[in-house]
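Novice: To start, I am sharing the structure in question, which I have written as structure tokens.
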Amino acid sequence: MRCLLCHESMTVPWTPATLWRRDWVCPACESKLTPLGTGCPRCGQPNETGETCPDCIRWLALGLDLTVRCLYAYDEAGVDWLHRFKFSGDVVIASSVAPALRASRSSGVTYVPVPLSKERLQTRRFNQAEVLARCIGPTRQLLEKTEVSSQRELGKEGRRHRTNPFTVPTSVKCGKIILVDDVYTTGTTLHQAAFSLRQAGASEVSAICLFRALNKSKSRPI
């Protein structure tokens with residue numbers, strides 16, 4: 001058996017289910033992802049004090065209050081993992097982060113993956129946020145997204161000031177909603193999605209992201 005990430009041979013315990021699994025990731029690759037520690041209570045941006053970060057203070061000043069739980073740092077290992085998953089289409093490696101995602105599951109919650117536009121979905125053929133959300137539990141798509149410039153084509157300020165691309169076709173009649181996405185960068189995507197859901201009647205919205213981009217990161221574009 002070979003690891004899907006590093007392609008090195010690995011030994012796995014044999015069971016009948018082993019014959020059907022094709023999503024093996026070796027322990028060495030699994031351990032490369034960096035869990036977030038002390039940081040901003042609203043977005044997970046690492047800091048030594050656990051205080052709200054300047055970015056979240058700016059969002060609060062705009063009247064936008066959203067708590068986002070991020071699981072891993074978007075460092076070199078995170079970049080490699082996400083590019084393999086998102087752009088190479090190796091969806092099966094989501095199984096390597098599924099236990100961490102499932103551990104965040106709460107009862108009485110509607111999980112809403114951040115959608116792709118129809119044009120982007122045709123190109124990529126899958127929504128990475130939906131794959132991650134299904135690792136947590138049942139999902140419900142309440143949002144629609146119109147095509148805008150790709151996140152990869154926008155700078156930090158461009159992301160912050162883009163027009164809200166999210167709409168909610170019908171009124172929202174559910175209690176607590178948790179948005180699910182792959183990477184938190186500036187927070188614009190999640191804040192805009194949450195704003196649209198609240199405008200449509202959602203009573204409580206928070207979010208969970210697999211990765212948190214680091215302010216000083218030199219990682220490749222998302």
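Going through the structure tokens in order, the chains are called A, B, and so on, while each chain numbers its residues from 1 and the ligands are numbered from 1 in the order shown.
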DSSP says helix (DSSP H, G or I) for which residues of chain A? Put them as a ChimeraX atom specification?
Specialist: /A:16-19,27-30,54-61,76-87,91-96,98-102,118-124,128-136,151-153,156-160,188-199
Novice: Write the residues of the preceding selection, restricted to C-alpha atoms, as a short mmCIF file (atom, residue, chain, number, x, y, z; two decimals), in the first residue's frame.
Specialist:
```
data_model
loop_
_atom_site.label_atom_id
_atom_site.label_comp_id
_atom_site.auth_asym_id
_atom_site.auth_seq_id
_atom_site.Cartn_x
_atom_site.Cartn_y
_atom_site.Cartn_z
CA PRO A 16 -11.58 -7.35 4.77
CA ALA A 17 -12.20 -3.59 4.54
CA THR A 18 -8.56 -3.05 3.57
CA LEU A 19 -9.30 -4.47 0.14
CA PRO A 27 1.14 8.59 9.83
CA ALA A 28 4.13 10.76 8.84
CA CYS A 29 2.03 12.78 6.38
CA GLU A 30 -0.91 13.00 8.78
CA PRO A 54 -6.85 43.39 14.49
CA ASP A 55 -8.67 41.88 11.49
CA CYS A 56 -11.57 40.69 13.65
CA ILE A 57 -11.67 44.03 15.48
CA ARG A 58 -12.17 45.69 12.08
CA TRP A 59 -15.00 43.27 11.25
CA LEU A 60 -16.65 44.00 14.60
CA ALA A 61 -16.36 47.74 13.94
CA GLU A 76 3.83 24.65 3.90
CA ALA A 77 2.31 21.29 4.82
CA GLY A 78 -1.18 22.76 4.72
CA VAL A 79 -0.55 24.26 1.29
CA ASP A 80 0.68 20.94 -0.08
CA TRP A 81 -2.31 19.09 1.36
CA LEU A 82 -4.87 21.56 0.06
CA HIS A 83 -3.41 21.82 -3.43
CA ARG A 84 -3.43 18.04 -3.72
CA PHE A 85 -7.04 17.94 -2.51
CA LYS A 86 -8.49 21.02 -4.20
CA PHE A 87 -6.61 21.47 -7.45
CA VAL A 91 -10.83 14.10 -2.87
CA VAL A 92 -10.16 10.84 -1.02
CA ILE A 93 -7.45 12.42 1.13
CA ALA A 94 -10.22 14.22 3.02
CA SER A 95 -10.36 11.00 5.05
CA SER A 96 -7.10 12.01 6.73
CA ALA A 98 -12.18 13.59 8.77
CA PRO A 99 -11.61 12.62 12.45
CA ALA A 100 -10.65 16.21 13.35
CA LEU A 101 -13.67 17.55 11.49
CA ARG A 102 -16.04 15.04 13.08
CA LYS A 118 -21.96 27.24 -11.35
CA GLU A 119 -19.06 28.23 -13.59
CA ARG A 120 -16.43 27.28 -11.01
CA LEU A 121 -18.18 24.02 -10.20
CA GLN A 122 -18.17 23.06 -13.87
CA THR A 123 -14.42 23.65 -13.98
CA ARG A 124 -13.48 21.91 -10.74
CA GLN A 128 -14.21 21.18 -1.73
CA ALA A 129 -16.20 22.79 1.10
CA GLU A 130 -19.04 20.31 0.61
CA VAL A 131 -16.64 17.36 0.79
CA LEU A 132 -15.26 18.69 4.09
CA ALA A 133 -18.72 19.44 5.46
CA ARG A 134 -19.86 15.88 4.77
CA CYS A 135 -16.98 14.66 6.93
CA ILE A 136 -18.74 16.41 9.83
CA GLN A 151 -9.65 34.39 -4.76
CA ARG A 152 -6.30 33.58 -6.37
CA GLU A 153 -6.66 36.65 -8.63
CA LYS A 156 -5.87 41.05 0.30
CA GLU A 157 -7.62 44.41 -0.14
CA GLY A 158 -9.44 43.18 -3.22
CA ARG A 159 -10.86 40.27 -1.24
CA ARG A 160 -12.02 42.54 1.56
CA THR A 188 -14.53 38.16 3.59
CA THR A 189 -16.07 35.01 2.11
CA LEU A 190 -17.46 33.77 5.41
CA HIS A 191 -18.61 37.18 6.63
CA GLN A 192 -20.47 37.81 3.37
CA ALA A 193 -22.07 34.36 3.43
CA ALA A 194 -23.08 34.80 7.07
CA PHE A 195 -24.51 38.25 6.34
CA SER A 196 -26.70 36.85 3.55
CA LEU A 197 -27.96 34.03 5.78
CA ARG A 198 -28.83 36.44 8.59
CA GLN A 199 -30.63 38.71 6.15
#
```
Novice: Can you tell me which residues surround range 108-112 of chain A at a distance of at most 9 Å, considering only C-alpha atoms, apart from same-chain residues fewer than 5 positions away, and format the answer as a CSV table (one decimal) with C-alpha atoms, in the first residue's frame?
Specialist:
```
chain,number,residue,atom,x,y,z
A,129,ALA,CA,-16.2,22.8,1.1
A,130,GLU,CA,-19.0,20.3,0.6
A,133,ALA,CA,-18.7,19.4,5.5
A,134,ARG,CA,-19.9,15.9,4.8
A,136,ILE,CA,-18.7,16.4,9.8
A,137,GLY,CA,-22.3,15.4,9.2
A,138,PRO,CA,-25.4,15.9,6.9
A,139,THR,CA,-25.3,19.2,5.0
A,140,ARG,CA,-27.9,21.5,3.6
A,141,GLN,CA,-27.1,24.0,0.8
A,142,LEU,CA,-28.9,27.3,1.5
A,143,LEU,CA,-26.6,29.6,-0.5
A,174,CYS,CA,-33.5,26.8,10.9
A,175,GLY,CA,-31.8,27.6,14.2
A,176,LYS,CA,-28.0,27.4,14.4
A,177,ILE,CA,-26.1,27.4,11.2
A,178,ILE,CA,-22.4,26.5,10.8
A,179,LEU,CA,-20.7,27.4,7.6
A,180,VAL,CA,-17.9,25.1,6.3
A,207,ALA,CA,-18.2,28.8,10.9
```
Novice: When distances are computed from only C-alpha atoms, which of A:Leu36, A:Asp182, A:Gly187, A:Phe166 shows the smallest separation from Leu64 in chain A?
Specialist: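 Among the listed residues, the smallest separation from Leu64 in chain A belongs to A:Gly187.
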Novice: Mind listing the strand (DSSP E or B) residues of range 82-160 of chain A, per DSSP on the backbone, as number ranges by chain?
Specialist: A: 109-113, 139, 144-145
Novice: Of the candidates A:Leu66, A:Ala73, A:Cys26, A:Met1, which one gets nearest to Gly39 in chain A if we count only C-alpha atoms?
Specialist: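 The shortest atom-to-atom distance to Gly39 in chain A comes from A:Ala73.
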Novice: Can you list, as a PDB file with N, CA and C atoms, in the first residue's frame, every protein, DNA or RNA residue that comes within 10 Å of Tyr184 in chain A when you count only C-alpha atoms, leaving out same-chain residues fewer than 6 positions away?
Specialist:
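Output (out.pdb):
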```pdb
ATOM      1  N   CYS A  43     -11.178  33.918  15.003  1.00  0.00           N
ATOM      2  CA  CYS A  43     -10.761  33.385  13.698  1.00  0.00           C
ATOM      3  C   CYS A  43      -9.581  32.423  13.788  1.00  0.00           C
ATOM      4  N   GLY A  44      -8.959  32.297  14.955  1.00  0.00           N
ATOM      5  CA  GLY A  44      -7.869  31.352  15.108  1.00  0.00           C
ATOM      6  C   GLY A  44      -6.500  31.881  14.731  1.00  0.00           C
ATOM      7  N   GLN A  45      -6.413  33.148  14.283  1.00  0.00           N
ATOM      8  CA  GLN A  45      -5.107  33.711  13.940  1.00  0.00           C
ATOM      9  C   GLN A  45      -4.166  33.560  15.142  1.00  0.00           C
ATOM     10  N   VAL A  68     -15.261  31.912  13.958  1.00  0.00           N
ATOM     11  CA  VAL A  68     -14.825  30.868  13.030  1.00  0.00           C
ATOM     12  C   VAL A  68     -13.814  29.974  13.740  1.00  0.00           C
ATOM     13  N   ARG A  69     -14.087  28.696  13.753  1.00  0.00           N
ATOM     14  CA  ARG A  69     -13.138  27.743  14.325  1.00  0.00           C
ATOM     15  C   ARG A  69     -12.274  27.184  13.208  1.00  0.00           C
ATOM     16  N   CYS A  70     -10.976  27.418  13.275  1.00  0.00           N
ATOM     17  CA  CYS A  70     -10.043  26.884  12.276  1.00  0.00           C
ATOM     18  C   CYS A  70      -9.206  25.788  12.924  1.00  0.00           C
ATOM     19  N   ALA A  73      -3.007  25.241  10.687  1.00  0.00           N
ATOM     20  CA  ALA A  73      -2.313  26.378  10.082  1.00  0.00           C
ATOM     21  C   ALA A  73      -2.110  26.118   8.594  1.00  0.00           C
ATOM     22  N   TYR A  74      -2.306  27.162   7.809  1.00  0.00           N
ATOM     23  CA  TYR A  74      -2.064  27.050   6.371  1.00  0.00           C
ATOM     24  C   TYR A  74      -0.594  27.347   6.100  1.00  0.00           C
ATOM     25  N   LEU A 190     -16.579  34.250   4.353  1.00  0.00           N
ATOM     26  CA  LEU A 190     -17.460  33.769   5.412  1.00  0.00           C
ATOM     27  C   LEU A 190     -18.338  34.877   5.972  1.00  0.00           C
ATOM     28  N   ALA A 207     -18.891  29.456  11.965  1.00  0.00           N
ATOM     29  CA  ALA A 207     -18.231  28.771  10.853  1.00  0.00           C
ATOM     30  C   ALA A 207     -17.090  27.897  11.353  1.00  0.00           C
ATOM     31  N   ILE A 208     -16.733  26.941  10.514  1.00  0.00           N
ATOM     32  CA  ILE A 208     -15.548  26.121  10.754  1.00  0.00           C
ATOM     33  C   ILE A 208     -14.759  26.038   9.451  1.00  0.00           C
ATOM     34  N   CYS A 209     -13.445  26.191   9.563  1.00  0.00           N
ATOM     35  CA  CYS A 209     -12.549  26.096   8.405  1.00  0.00           C
ATOM     36  C   CYS A 209     -11.465  25.081   8.699  1.00  0.00           C
ATOM     37  N   LEU A 210     -11.022  24.407   7.669  1.00  0.00           N
ATOM     38  CA  LEU A 210      -9.954  23.439   7.858  1.00  0.00           C
ATOM     39  C   LEU A 210      -8.635  24.150   8.143  1.00  0.00           C
ATOM     40  N   PHE A 211      -8.359  25.226   7.392  1.00  0.00           N
ATOM     41  CA  PHE A 211      -7.079  25.928   7.529  1.00  0.00           C
ATOM     42  C   PHE A 211      -7.274  27.406   7.835  1.00  0.00           C
ATOM     43  N   ARG A 212      -6.289  27.969   8.550  1.00  0.00           N
ATOM     44  CA  ARG A 212      -6.223  29.411   8.796  1.00  0.00           C
ATOM     45  C   ARG A 212      -4.947  29.939   8.168  1.00  0.00           C
ATOM     46  N   ALA A 213      -5.094  30.814   7.156  1.00  0.00           N
ATOM     47  CA  ALA A 213      -3.924  31.434   6.551  1.00  0.00           C
ATOM     48  C   ALA A 213      -3.215  32.298   7.583  1.00  0.00           C
ATOM     49  N   LEU A 214      -1.896  32.271   7.571  1.00  0.00           N
ATOM     50  CA  LEU A 214      -1.096  33.030   8.526  1.00  0.00           C
ATOM     51  C   LEU A 214      -0.753  34.385   7.920  1.00  0.00           C
ATOM     52  N   ILE A 222      -4.201  30.780  -2.752  1.00  0.00           N
ATOM     53  CA  ILE A 222      -5.253  29.799  -2.506  1.00  0.00           C
ATOM     54  C   ILE A 222      -6.125  29.677  -3.746  1.00  0.00           C
TER      55      ILE A 222
END
```
Novice: What does the distance between CA of Leu71 in chain A and CA of Asn127 in chain A come to in Å, to one decimal place?
Specialist: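 Going from CA of Leu71 in chain A over to CA of Asn127 in chain A, I get 19.2 Å.
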Novice: Closest to Ser117 in chain A among A:Thr11, A:Asn164, A:Ser104, A:Thr146, using only C-alpha atoms?
Specialist: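 For Ser117 in chain A, the nearest of the given residues is A:Thr146.
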Novice: Could you name the residues that touch Thr49 in chain A at 12 Å or less, counting only C-alpha atoms, but leaving out those on the same chain fewer than 6 positions away, as a VMD selection string?
Specialist: chain A and resid 37 to 41
Novice: Would you output that residue set with C-alpha atoms, as an mmCIF file, in the first residue's frame?
Specialist:
```
data_model
loop_
_atom_site.group_PDB
_atom_site.id
_atom_site.type_symbol
_atom_site.label_atom_id
_atom_site.label_comp_id
_atom_site.auth_asym_id
_atom_site.auth_seq_id
_atom_site.Cartn_x
_atom_site.Cartn_y
_atom_site.Cartn_z
ATOM 1 C CA GLY A 37 -2.931 26.592 19.340
ATOM 2 C CA THR A 38 -3.438 29.848 21.225
ATOM 3 C CA GLY A 39 -4.868 32.571 19.052
ATOM 4 C CA CYS A 40 -7.737 34.906 18.245
ATOM 5 C CA PRO A 41 -10.989 33.480 19.666
#
```
